[in-house]
Every structure is written in C-alpha cells, then in structure tokens.
$ cat protein_6.cif   # mmCIF, N, CA and C atoms
data_protein
loop_
_atom_site.group_PDB
_atom_site.id
_atom_site.type_symbol
_atom_site.label_atom_id
_atom_site.label_comp_id
_atom_site.auth_asym_id
_atom_site.auth_seq_id
_atom_site.Cartn_x
_atom_site.Cartn_y
_atom_site.Cartn_z
ATOM 1 N N MET A 1 117.386 94.115 112.904
ATOM 2 C CA MET A 1 117.232 92.784 112.364
ATOM 3 C C MET A 1 115.988 92.748 111.470
ATOM 4 N N SER A 2 116.165 92.169 110.309
ATOM 5 C CA SER A 2 115.047 92.039 109.384
ATOM 6 C C SER A 2 114.217 90.801 109.736
ATOM 7 N N TYR A 3 112.937 90.961 109.670
ATOM 8 C CA TYR A 3 112.031 89.854 109.981
ATOM 9 C C TYR A 3 111.487 89.198 108.712
ATOM 10 N N GLU A 4 111.967 89.624 107.552
ATOM 11 C CA GLU A 4 111.427 89.125 106.280
ATOM 12 C C GLU A 4 111.468 87.601 106.188
ATOM 13 N N ALA A 5 112.627 87.001 106.423
ATOM 14 C CA ALA A 5 112.762 85.543 106.314
ATOM 15 C C ALA A 5 111.962 84.835 107.412
ATOM 16 N N LYS A 6 112.006 85.388 108.620
ATOM 17 C CA LYS A 6 111.235 84.796 109.724
ATOM 18 C C LYS A 6 109.735 84.863 109.418
ATOM 19 N N PHE A 7 109.300 85.993 108.847
ATOM 20 C CA PHE A 7 107.893 86.161 108.483
ATOM 21 C C PHE A 7 107.481 85.120 107.442
ATOM 22 N N THR A 8 108.288 84.956 106.415
ATOM 23 C CA THR A 8 107.978 83.986 105.364
ATOM 24 C C THR A 8 107.866 82.581 105.948
ATOM 25 N N THR A 9 108.776 82.240 106.838
ATOM 26 C CA THR A 9 108.734 80.933 107.495
ATOM 27 C C THR A 9 107.481 80.803 108.359
ATOM 28 N N ALA A 10 107.178 81.847 109.118
ATOM 29 C CA ALA A 10 106.001 81.829 109.996
ATOM 30 C C ALA A 10 104.712 81.674 109.188
ATOM 31 N N VAL A 11 104.623 82.362 108.055
ATOM 32 C CA VAL A 11 103.421 82.252 107.211
ATOM 33 C C VAL A 11 103.252 80.816 106.737
ATOM 34 N N SER A 12 104.358 80.177 106.295
ATOM 35 C CA SER A 12 104.237 78.782 105.840
ATOM 36 C C SER A 12 103.771 77.874 106.961
ATOM 37 N N ILE A 13 104.258 78.140 108.165
ATOM 38 C CA ILE A 13 103.850 77.316 109.317
ATOM 39 C C ILE A 13 102.359 77.497 109.586
ATOM 40 N N VAL A 14 101.921 78.747 109.666
ATOM 41 C CA VAL A 14 100.506 79.015 109.967
ATOM 42 C C VAL A 14 99.610 78.413 108.891
ATOM 43 N N GLN A 15 99.970 78.607 107.630
ATOM 44 C CA GLN A 15 99.133 78.090 106.539
ATOM 45 C C GLN A 15 99.154 76.566 106.466
ATOM 46 N N GLY A 16 100.201 75.940 107.014
ATOM 47 C CA GLY A 16 100.312 74.495 106.961
ATOM 48 C C GLY A 16 99.796 73.755 108.183
ATOM 49 N N LEU A 17 99.337 74.504 109.188
ATOM 50 C CA LEU A 17 98.833 73.836 110.394
ATOM 51 C C LEU A 17 97.561 73.057 110.063
ATOM 52 N N PRO A 18 97.519 71.766 110.394
ATOM 53 C CA PRO A 18 96.294 71.000 110.129
ATOM 54 C C PRO A 18 95.148 71.484 111.026
ATOM 55 N N LYS A 19 93.965 71.532 110.444
ATOM 56 C CA LYS A 19 92.797 72.024 111.189
ATOM 57 C C LYS A 19 92.507 71.200 112.441
ATOM 58 N N ASP A 20 92.839 69.926 112.394
ATOM 59 C CA ASP A 20 92.581 69.067 113.548
ATOM 60 C C ASP A 20 93.871 68.695 114.270
ATOM 61 N N GLY A 21 94.914 69.482 114.090
ATOM 62 C CA GLY A 21 96.209 69.205 114.709
ATOM 63 C C GLY A 21 96.276 69.692 116.148
ATOM 64 N N PRO A 22 97.409 69.472 116.792
ATOM 65 C CA PRO A 22 97.572 69.834 118.195
ATOM 66 C C PRO A 22 97.763 71.341 118.423
ATOM 67 N N ILE A 23 98.133 72.067 117.380
ATOM 68 C CA ILE A 23 98.316 73.524 117.500
ATOM 69 C C ILE A 23 97.187 74.180 116.734
ATOM 70 N N LYS A 24 96.245 74.766 117.494
ATOM 71 C CA LYS A 24 95.050 75.356 116.878
ATOM 72 C C LYS A 24 94.903 76.809 117.312
ATOM 73 N N PRO A 25 95.289 77.747 116.455
ATOM 74 C CA PRO A 25 95.061 79.151 116.809
ATOM 75 C C PRO A 25 93.552 79.421 116.963
ATOM 76 N N THR A 26 93.211 80.242 117.939
ATOM 77 C CA THR A 26 91.810 80.618 118.144
ATOM 78 C C THR A 26 91.351 81.499 116.991
ATOM 79 N N GLN A 27 90.066 81.802 116.937
ATOM 80 C CA GLN A 27 89.562 82.703 115.892
ATOM 81 C C GLN A 27 90.214 84.076 116.010
ATOM 82 N N ASP A 28 90.371 84.560 117.237
ATOM 83 C CA ASP A 28 91.025 85.861 117.429
ATOM 84 C C ASP A 28 92.471 85.821 116.946
ATOM 85 N N GLU A 29 93.148 84.732 117.211
ATOM 86 C CA GLU A 29 94.532 84.599 116.747
ATOM 87 C C GLU A 29 94.589 84.497 115.228
ATOM 88 N N GLN A 30 93.619 83.808 114.631
ATOM 89 C CA GLN A 30 93.561 83.719 113.174
ATOM 90 C C GLN A 30 93.339 85.099 112.561
ATOM 91 N N LEU A 31 92.480 85.907 113.169
ATOM 92 C CA LEU A 31 92.266 87.276 112.683
ATOM 93 C C LEU A 31 93.527 88.113 112.853
ATOM 94 N N TYR A 32 94.245 87.897 113.938
ATOM 95 C CA TYR A 32 95.507 88.589 114.181
ATOM 96 C C TYR A 32 96.487 88.286 113.047
ATOM 97 N N PHE A 33 96.622 86.997 112.717
ATOM 98 C CA PHE A 33 97.508 86.617 111.621
ATOM 99 C C PHE A 33 97.028 87.225 110.304
ATOM 100 N N TYR A 34 95.732 87.191 110.082
ATOM 101 C CA TYR A 34 95.167 87.719 108.842
ATOM 102 C C TYR A 34 95.489 89.204 108.675
ATOM 103 N N LYS A 35 95.222 89.991 109.706
ATOM 104 C CA LYS A 35 95.386 91.439 109.561
ATOM 105 C C LYS A 35 96.838 91.828 109.329
ATOM 106 N N TYR A 36 97.748 91.154 110.010
ATOM 107 C CA TYR A 36 99.157 91.504 109.802
ATOM 108 C C TYR A 36 99.699 90.921 108.503
ATOM 109 N N TYR A 37 99.186 89.793 108.070
ATOM 110 C CA TYR A 37 99.567 89.247 106.767
ATOM 111 C C TYR A 37 99.146 90.226 105.669
ATOM 112 N N LYS A 38 97.918 90.695 105.749
ATOM 113 C CA LYS A 38 97.421 91.653 104.748
ATOM 114 C C LYS A 38 98.213 92.955 104.801
ATOM 115 N N GLN A 39 98.560 93.405 105.987
ATOM 116 C CA GLN A 39 99.309 94.647 106.135
ATOM 117 C C GLN A 39 100.696 94.505 105.492
ATOM 118 N N VAL A 40 101.311 93.341 105.644
ATOM 119 C CA VAL A 40 102.628 93.107 105.049
ATOM 120 C C VAL A 40 102.516 92.978 103.531
ATOM 121 N N THR A 41 101.553 92.207 103.054
ATOM 122 C CA THR A 41 101.495 91.878 101.630
ATOM 123 C C THR A 41 100.778 92.916 100.777
ATOM 124 N N VAL A 42 99.857 93.689 101.365
ATOM 125 C CA VAL A 42 99.087 94.671 100.596
ATOM 126 C C VAL A 42 99.347 96.095 101.087
ATOM 127 N N GLY A 43 99.505 96.249 102.404
ATOM 128 C CA GLY A 43 99.610 97.583 102.996
ATOM 129 C C GLY A 43 98.287 97.945 103.639
ATOM 130 N N ASP A 44 98.052 99.245 103.804
ATOM 131 C CA ASP A 44 96.797 99.686 104.428
ATOM 132 C C ASP A 44 95.595 99.185 103.637
ATOM 133 N N VAL A 45 94.505 98.947 104.367
ATOM 134 C CA VAL A 45 93.268 98.457 103.747
ATOM 135 C C VAL A 45 92.913 99.374 102.570
ATOM 136 N N ASN A 46 92.620 98.749 101.414
ATOM 137 C CA ASN A 46 92.405 99.514 100.199
ATOM 138 C C ASN A 46 91.115 99.133 99.478
ATOM 139 N N VAL A 47 90.235 98.473 100.197
ATOM 140 C CA VAL A 47 88.947 98.079 99.643
ATOM 141 C C VAL A 47 87.847 98.528 100.599
ATOM 142 N N SER A 48 86.639 98.628 100.078
ATOM 143 C CA SER A 48 85.503 99.025 100.910
ATOM 144 C C SER A 48 85.121 97.895 101.851
ATOM 145 N N ARG A 49 84.558 98.278 102.972
ATOM 146 C CA ARG A 49 84.074 97.278 103.933
ATOM 147 C C ARG A 49 82.927 96.503 103.293
ATOM 148 N N PRO A 50 82.914 95.182 103.418
ATOM 149 C CA PRO A 50 81.822 94.391 102.844
ATOM 150 C C PRO A 50 80.474 94.890 103.363
ATOM 151 N N SER A 51 79.514 94.951 102.457
ATOM 152 C CA SER A 51 78.218 95.499 102.852
ATOM 153 C C SER A 51 77.147 94.429 102.991
ATOM 154 N N GLY A 52 77.462 93.196 102.648
ATOM 155 C CA GLY A 52 76.476 92.126 102.743
ATOM 156 C C GLY A 52 75.969 91.957 104.167
ATOM 157 N N LEU A 53 74.677 91.898 104.322
ATOM 158 C CA LEU A 53 74.049 91.807 105.629
ATOM 159 C C LEU A 53 74.562 90.607 106.434
ATOM 160 N N LEU A 54 74.805 89.500 105.779
ATOM 161 C CA LEU A 54 75.209 88.289 106.480
ATOM 162 C C LEU A 54 76.693 87.953 106.307
ATOM 163 N N ASP A 55 77.467 88.879 105.788
ATOM 164 C CA ASP A 55 78.900 88.634 105.576
ATOM 165 C C ASP A 55 79.693 88.971 106.844
ATOM 166 N N PHE A 56 79.423 88.218 107.901
ATOM 167 C CA PHE A 56 80.077 88.482 109.182
ATOM 168 C C PHE A 56 81.588 88.255 109.111
ATOM 169 N N THR A 57 81.989 87.189 108.411
ATOM 170 C CA THR A 57 83.410 86.880 108.301
ATOM 171 C C THR A 57 84.143 87.972 107.533
ATOM 172 N N GLY A 58 83.595 88.369 106.415
ATOM 173 C CA GLY A 58 84.214 89.424 105.608
ATOM 174 C C GLY A 58 84.344 90.724 106.374
ATOM 175 N N LYS A 59 83.315 91.067 107.129
ATOM 176 C CA LYS A 59 83.345 92.303 107.921
ATOM 177 C C LYS A 59 84.380 92.208 109.045
ATOM 178 N N ALA A 60 84.439 91.056 109.709
ATOM 179 C CA ALA A 60 85.412 90.865 110.799
ATOM 180 C C ALA A 60 86.834 90.963 110.262
ATOM 181 N N LYS A 61 87.077 90.363 109.100
ATOM 182 C CA LYS A 61 88.406 90.420 108.502
ATOM 183 C C LYS A 61 88.750 91.854 108.095
ATOM 184 N N TRP A 62 87.806 92.551 107.485
ATOM 185 C CA TRP A 62 88.043 93.937 107.073
ATOM 186 C C TRP A 62 88.302 94.815 108.294
ATOM 187 N N ASP A 63 87.497 94.654 109.331
ATOM 188 C CA ASP A 63 87.665 95.453 110.557
ATOM 189 C C ASP A 63 89.039 95.198 111.187
ATOM 190 N N ALA A 64 89.443 93.930 111.226
ATOM 191 C CA ALA A 64 90.742 93.588 111.811
ATOM 192 C C ALA A 64 91.864 94.251 111.007
ATOM 193 N N TRP A 65 91.801 94.146 109.699
ATOM 194 C CA TRP A 65 92.828 94.732 108.841
ATOM 195 C C TRP A 65 92.849 96.253 108.980
ATOM 196 N N SER A 66 91.680 96.830 109.060
ATOM 197 C CA SER A 66 91.575 98.285 109.197
ATOM 198 C C SER A 66 92.191 98.785 110.505
ATOM 199 N N GLU A 67 92.120 97.953 111.553
ATOM 200 C CA GLU A 67 92.678 98.316 112.869
ATOM 201 C C GLU A 67 94.176 98.603 112.817
ATOM 202 N N VAL A 68 94.887 97.981 111.878
ATOM 203 C CA VAL A 68 96.342 98.111 111.837
ATOM 204 C C VAL A 68 96.809 99.099 110.758
ATOM 205 N N LYS A 69 95.883 99.894 110.281
ATOM 206 C CA LYS A 69 96.215 100.899 109.267
ATOM 207 C C LYS A 69 97.363 101.773 109.789
ATOM 208 N N GLY A 70 98.364 101.981 108.941
ATOM 209 C CA GLY A 70 99.503 102.803 109.323
ATOM 210 C C GLY A 70 100.669 102.013 109.901
ATOM 211 N N THR A 71 100.468 100.705 110.180
ATOM 212 C CA THR A 71 101.556 99.877 110.692
ATOM 213 C C THR A 71 102.532 99.605 109.556
ATOM 214 N N SER A 72 103.821 99.786 109.819
ATOM 215 C CA SER A 72 104.820 99.551 108.775
ATOM 216 C C SER A 72 104.914 98.062 108.458
ATOM 217 N N LYS A 73 105.403 97.769 107.271
ATOM 218 C CA LYS A 73 105.587 96.374 106.847
ATOM 219 C C LYS A 73 106.497 95.642 107.832
ATOM 220 N N GLU A 74 107.581 96.290 108.242
ATOM 221 C CA GLU A 74 108.542 95.655 109.154
ATOM 222 C C GLU A 74 107.922 95.373 110.515
ATOM 223 N N ASP A 75 107.162 96.331 111.044
ATOM 224 C CA ASP A 75 106.498 96.124 112.336
ATOM 225 C C ASP A 75 105.460 95.010 112.240
ATOM 226 N N ALA A 76 104.722 94.979 111.133
ATOM 227 C CA ALA A 76 103.700 93.941 110.944
ATOM 228 C C ALA A 76 104.352 92.557 110.876
ATOM 229 N N GLN A 77 105.499 92.459 110.190
ATOM 230 C CA GLN A 77 106.208 91.176 110.129
ATOM 231 C C GLN A 77 106.642 90.727 111.521
ATOM 232 N N GLU A 78 107.191 91.653 112.271
ATOM 233 C CA GLU A 78 107.667 91.334 113.623
ATOM 234 C C GLU A 78 106.511 90.898 114.520
ATOM 235 N N LEU A 79 105.390 91.602 114.467
ATOM 236 C CA LEU A 79 104.235 91.257 115.298
ATOM 237 C C LEU A 79 103.684 89.880 114.934
ATOM 238 N N TYR A 80 103.621 89.581 113.646
ATOM 239 C CA TYR A 80 103.139 88.280 113.171
ATOM 240 C C TYR A 80 104.032 87.160 113.712
ATOM 241 N N VAL A 81 105.339 87.312 113.532
ATOM 242 C CA VAL A 81 106.295 86.291 113.971
ATOM 243 C C VAL A 81 106.225 86.097 115.480
ATOM 244 N N ASN A 82 106.221 87.195 116.224
ATOM 245 C CA ASN A 82 106.202 87.094 117.690
ATOM 246 C C ASN A 82 104.917 86.456 118.206
ATOM 247 N N LYS A 83 103.796 86.725 117.540
ATOM 248 C CA LYS A 83 102.525 86.099 117.940
ATOM 249 C C LYS A 83 102.596 84.590 117.741
ATOM 250 N N LEU A 84 103.121 84.164 116.591
ATOM 251 C CA LEU A 84 103.228 82.732 116.352
ATOM 252 C C LEU A 84 104.167 82.086 117.369
ATOM 253 N N LEU A 85 105.279 82.731 117.655
ATOM 254 C CA LEU A 85 106.209 82.175 118.644
ATOM 255 C C LEU A 85 105.547 82.045 120.014
ATOM 256 N N SER A 86 104.711 83.011 120.389
ATOM 257 C CA SER A 86 104.047 82.926 121.700
ATOM 258 C C SER A 86 103.036 81.777 121.726
ATOM 259 N N ILE A 87 102.374 81.513 120.612
ATOM 260 C CA ILE A 87 101.442 80.381 120.527
ATOM 261 C C ILE A 87 102.225 79.069 120.590
ATOM 262 N N LEU A 88 103.327 79.017 119.867
ATOM 263 C CA LEU A 88 104.133 77.799 119.838
ATOM 264 C C LEU A 88 104.764 77.506 121.198
ATOM 265 N N ASP A 89 105.112 78.567 121.935
ATOM 266 C CA ASP A 89 105.692 78.379 123.268
ATOM 267 C C ASP A 89 104.726 77.670 124.219
ATOM 268 N N LYS A 90 103.434 77.854 124.001
ATOM 269 C CA LYS A 90 102.422 77.253 124.869
ATOM 270 C C LYS A 90 102.017 75.853 124.411
ATOM 271 N N ALA A 91 102.406 75.495 123.195
ATOM 272 C CA ALA A 91 102.018 74.199 122.620
ATOM 273 C C ALA A 91 102.954 73.100 123.132
ATOM 274 N N PRO A 92 102.503 71.856 123.040
ATOM 275 C CA PRO A 92 103.376 70.747 123.444
ATOM 276 C C PRO A 92 104.683 70.774 122.643
ATOM 277 N N LYS A 93 105.795 70.621 123.344
ATOM 278 C CA LYS A 93 107.124 70.724 122.723
ATOM 279 C C LYS A 93 107.319 69.778 121.544
ATOM 280 N N GLU A 94 106.756 68.583 121.654
ATOM 281 C CA GLU A 94 106.969 67.623 120.565
ATOM 282 C C GLU A 94 106.375 68.092 119.238
ATOM 283 N N TYR A 95 105.423 69.021 119.293
ATOM 284 C CA TYR A 95 104.818 69.558 118.073
ATOM 285 C C TYR A 95 105.415 70.907 117.677
ATOM 286 N N SER A 96 105.853 71.673 118.639
ATOM 287 C CA SER A 96 106.252 73.046 118.357
ATOM 288 C C SER A 96 107.748 73.261 118.192
ATOM 289 N N GLU A 97 108.549 72.362 118.749
ATOM 290 C CA GLU A 97 110.005 72.550 118.796
ATOM 291 C C GLU A 97 110.615 72.801 117.410
ATOM 292 N N GLU A 98 110.241 71.985 116.421
ATOM 293 C CA GLU A 98 110.789 72.129 115.071
ATOM 294 C C GLU A 98 110.371 73.463 114.452
ATOM 295 N N PHE A 99 109.125 73.864 114.674
ATOM 296 C CA PHE A 99 108.637 75.136 114.129
ATOM 297 C C PHE A 99 109.426 76.306 114.708
ATOM 298 N N ILE A 100 109.610 76.293 116.020
ATOM 299 C CA ILE A 100 110.348 77.376 116.689
ATOM 300 C C ILE A 100 111.779 77.439 116.149
ATOM 301 N N LYS A 101 112.386 76.281 116.006
ATOM 302 C CA LYS A 101 113.747 76.219 115.491
ATOM 303 C C LYS A 101 113.831 76.804 114.071
ATOM 304 N N SER A 102 112.892 76.440 113.220
ATOM 305 C CA SER A 102 112.931 76.923 111.836
ATOM 306 C C SER A 102 112.730 78.433 111.757
ATOM 307 N N ILE A 103 111.910 78.991 112.628
ATOM 308 C CA ILE A 103 111.717 80.447 112.639
ATOM 309 C C ILE A 103 112.990 81.133 113.127
ATOM 310 N N ASN A 104 113.560 80.623 114.204
ATOM 311 C CA ASN A 104 114.758 81.242 114.763
ATOM 312 C C ASN A 104 115.968 81.159 113.838
ATOM 313 N N GLU A 105 116.004 80.137 113.008
ATOM 314 C CA GLU A 105 117.120 79.977 112.078
ATOM 315 C C GLU A 105 116.931 80.736 110.778
ATOM 316 N N ALA A 106 115.737 81.222 110.534
ATOM 317 C CA ALA A 106 115.455 81.923 109.274
ATOM 318 C C ALA A 106 116.164 83.271 109.209
#
$ encode --input "protein_6.cif" --output "structure tokens"
Amino acid sequence: MSYEAKFTTAVSIVQGLPKDGPIKPTQDEQLYFYKYYKQVTVGDVNVSRPSGLLDFTGKAKWDAWSEVKGTSKEDAQELYVNKLLSILDKAPKEYSEEFIKSINEA
C-alpha cells in the first residue's frame, strides 16, 4: 500500500493545527514530524550542521533529520502517518475524528 496520499493529507493536518488548539504535538513529536518530512521531501541530510553557538533549534532539527539517514521515502511516509494517527487516537474524538477519517480515506 502506498502512503503517498495519506502522507500528503497528514502533512496538511499537521501544518494546519492551531498553536492553541486541542491537539498539540509535543516538541519531540514536532521534531519527529520534521525529520520524516525532510526525509520524504529532500532525502538524506544534505547540508552542514548549523555552527551558530546559540542556534539550538537549527542543531536539534539537523540532528533529528540526520538520525533517519538511509530511511526510504516510503518508510518515512508510513512512519509520519502512523505517528500522527497515534497522536490523534489520544486526542478528544470531537477534534480528531474528522482528521482520522480523512487520512484513512486518502
């Protein structure tokens, strides 16, 4: 089964979540989405690690992306989708039900 359509749907959901909404991915979950999004859209990390002394965010993002080096595009899509589904499963149904349905129908 191809996860391409499910991945595209999941990305729109994650990018559209309101910052103050009922579904709030943690920082670790946000990094998880980031690294697999980059792996799907760019492939293996292809830039140098940020060297700025105070660029903690840039370094964390680079490190996360680097961790998944060698992961196939298809595997990265599947991991991204499944992570979002697991977060949505724990969220209140009135907020998550439509999202889950749209991913499953994609």
$ resolve_selection --input "protein_6.cif" --expression "the PyMOL selection byres ((chain A and resi 41-50) around 6.5)" --output "PyMOL selection string"
chain A and resi 36-40+51-52+58-59+62+65-66+68-70
$ select_by_dssp --input "protein_6.cif" --residues "chain A" --states "helix (DSSP H, G or I)" --output "PyMOL selection string"
chain A and resi 4-16+27-41+56-67+73-90+93-105
$ resolve_selection --input "protein_6.cif" --expression "the PyMOL selection byres (((chain A and resi 30 and name CA) around 12) and name CA)" --output "PyMOL selection string"
chain A and resi 11+14-15+17+19+24-29+31-37+57+60-61+64-65+80+83-84+87
$ residues_around --input "protein_6.cif" --residues "range 99-102 of chain A" --least-positions-apart "4" --cutoff "10 Å" --atoms "only C-alpha atoms" --output "VMD selection string"
chain A and resid 6 9 to 10 13 to 14 84 to 86 88 to 89 93 95 106
$ atom_distance --input "protein_6.cif" --atom1 "CA of Pro22 in chain A" --atom2 "CA of Ala5 in chain A"
24.9 Å
$ atom_distance --input "protein_6.cif" --atom1 "CA of Glu97 in chain A" --atom2 "atom N of Leu79 in chain A"
20.1 Å
$ build_atoms --input "protein_6.cif" --residues "range 32-50 of chain A" --atoms "N, CA, C and O atoms" --output "PDB file, keeping the file's coordinate frame"
ATOM      1  N   TYR A  32      94.245  87.897 113.938  1.00  0.00           N
ATOM      2  CA  TYR A  32      95.507  88.589 114.181  1.00  0.00           C
ATOM      3  C   TYR A  32      96.487  88.286 113.047  1.00  0.00           C
ATOM      4  O   TYR A  32      97.092  89.188 112.470  1.00  0.00           O
ATOM      5  N   PHE A  33      96.622  86.997 112.717  1.00  0.00           N
ATOM      6  CA  PHE A  33      97.508  86.617 111.621  1.00  0.00           C
ATOM      7  C   PHE A  33      97.028  87.225 110.304  1.00  0.00           C
ATOM      8  O   PHE A  33      97.825  87.720 109.516  1.00  0.00           O
ATOM      9  N   TYR A  34      95.732  87.191 110.082  1.00  0.00           N
ATOM     10  CA  TYR A  34      95.167  87.719 108.842  1.00  0.00           C
ATOM     11  C   TYR A  34      95.489  89.204 108.675  1.00  0.00           C
ATOM     12  O   TYR A  34      95.980  89.630 107.634  1.00  0.00           O
ATOM     13  N   LYS A  35      95.222  89.991 109.706  1.00  0.00           N
ATOM     14  CA  LYS A  35      95.386  91.439 109.561  1.00  0.00           C
ATOM     15  C   LYS A  35      96.838  91.828 109.329  1.00  0.00           C
ATOM     16  O   LYS A  35      97.132  92.713 108.526  1.00  0.00           O
ATOM     17  N   TYR A  36      97.748  91.154 110.010  1.00  0.00           N
ATOM     18  CA  TYR A  36      99.157  91.504 109.802  1.00  0.00           C
ATOM     19  C   TYR A  36      99.699  90.921 108.503  1.00  0.00           C
ATOM     20  O   TYR A  36     100.556  91.526 107.860  1.00  0.00           O
ATOM     21  N   TYR A  37      99.186  89.793 108.070  1.00  0.00           N
ATOM     22  CA  TYR A  37      99.567  89.247 106.767  1.00  0.00           C
ATOM     23  C   TYR A  37      99.146  90.226 105.669  1.00  0.00           C
ATOM     24  O   TYR A  37      99.934  90.545 104.769  1.00  0.00           O
ATOM     25  N   LYS A  38      97.918  90.695 105.749  1.00  0.00           N
ATOM     26  CA  LYS A  38      97.421  91.653 104.748  1.00  0.00           C
ATOM     27  C   LYS A  38      98.213  92.955 104.801  1.00  0.00           C
ATOM     28  O   LYS A  38      98.510  93.555 103.765  1.00  0.00           O
ATOM     29  N   GLN A  39      98.560  93.405 105.987  1.00  0.00           N
ATOM     30  CA  GLN A  39      99.309  94.647 106.135  1.00  0.00           C
ATOM     31  C   GLN A  39     100.696  94.505 105.492  1.00  0.00           C
ATOM     32  O   GLN A  39     101.177  95.428 104.848  1.00  0.00           O
ATOM     33  N   VAL A  40     101.311  93.341 105.644  1.00  0.00           N
ATOM     34  CA  VAL A  40     102.628  93.107 105.049  1.00  0.00           C
ATOM     35  C   VAL A  40     102.516  92.978 103.531  1.00  0.00           C
ATOM     36  O   VAL A  40     103.297  93.567 102.789  1.00  0.00           O
ATOM     37  N   THR A  41     101.553  92.207 103.054  1.00  0.00           N
ATOM     38  CA  THR A  41     101.495  91.878 101.630  1.00  0.00           C
ATOM     39  C   THR A  41     100.778  92.916 100.777  1.00  0.00           C
ATOM     40  O   THR A  41     101.070  93.031  99.595  1.00  0.00           O
ATOM     41  N   VAL A  42      99.857  93.689 101.365  1.00  0.00           N
ATOM     42  CA  VAL A  42      99.087  94.671 100.596  1.00  0.00           C
ATOM     43  C   VAL A  42      99.347  96.095 101.087  1.00  0.00           C
ATOM     44  O   VAL A  42      99.395  97.030 100.303  1.00  0.00           O
ATOM     45  N   GLY A  43      99.505  96.249 102.404  1.00  0.00           N
ATOM     46  CA  GLY A  43      99.610  97.583 102.996  1.00  0.00           C
ATOM     47  C   GLY A  43      98.287  97.945 103.639  1.00  0.00           C
ATOM     48  O   GLY A  43      97.485  97.070 103.962  1.00  0.00           O
ATOM     49  N   ASP A  44      98.052  99.245 103.804  1.00  0.00           N
ATOM     50  CA  ASP A  44      96.797  99.686 104.428  1.00  0.00           C
ATOM     51  C   ASP A  44      95.595  99.185 103.637  1.00  0.00           C
ATOM     52  O   ASP A  44      95.659  99.040 102.405  1.00  0.00           O
ATOM     53  N   VAL A  45      94.505  98.947 104.367  1.00  0.00           N
ATOM     54  CA  VAL A  45      93.268  98.457 103.747  1.00  0.00           C
ATOM     55  C   VAL A  45      92.913  99.374 102.570  1.00  0.00           C
ATOM     56  O   VAL A  45      92.943 100.596 102.675  1.00  0.00           O
ATOM     57  N   ASN A  46      92.620  98.749 101.414  1.00  0.00           N
ATOM     58  CA  ASN A  46      92.405  99.514 100.199  1.00  0.00           C
ATOM     59  C   ASN A  46      91.115  99.133  99.478  1.00  0.00           C
ATOM     60  O   ASN A  46      90.951  99.409  98.304  1.00  0.00           O
ATOM     61  N   VAL A  47      90.235  98.473 100.197  1.00  0.00           N
ATOM     62  CA  VAL A  47      88.947  98.079  99.643  1.00  0.00           C
ATOM     63  C   VAL A  47      87.847  98.528 100.599  1.00  0.00           C
ATOM     64  O   VAL A  47      88.101  98.763 101.778  1.00  0.00           O
ATOM     65  N   SER A  48      86.639  98.628 100.078  1.00  0.00           N
ATOM     66  CA  SER A  48      85.503  99.025 100.910  1.00  0.00           C
ATOM     67  C   SER A  48      85.121  97.895 101.851  1.00  0.00           C
ATOM     68  O   SER A  48      85.315  96.719 101.541  1.00  0.00           O
ATOM     69  N   ARG A  49      84.558  98.278 102.972  1.00  0.00           N
ATOM     70  CA  ARG A  49      84.074  97.278 103.933  1.00  0.00           C
ATOM     71  C   ARG A  49      82.927  96.503 103.293  1.00  0.00           C
ATOM     72  O   ARG A  49      82.040  97.092 102.668  1.00  0.00           O
ATOM     73  N   PRO A  50      82.914  95.182 103.418  1.00  0.00           N
ATOM     74  CA  PRO A  50      81.822  94.391 102.844  1.00  0.00           C
ATOM     75  C   PRO A  50      80.474  94.890 103.363  1.00  0.00           C
ATOM     76  O   PRO A  50      80.333  95.212 104.544  1.00  0.00           O
TER      77      PRO A  50
END
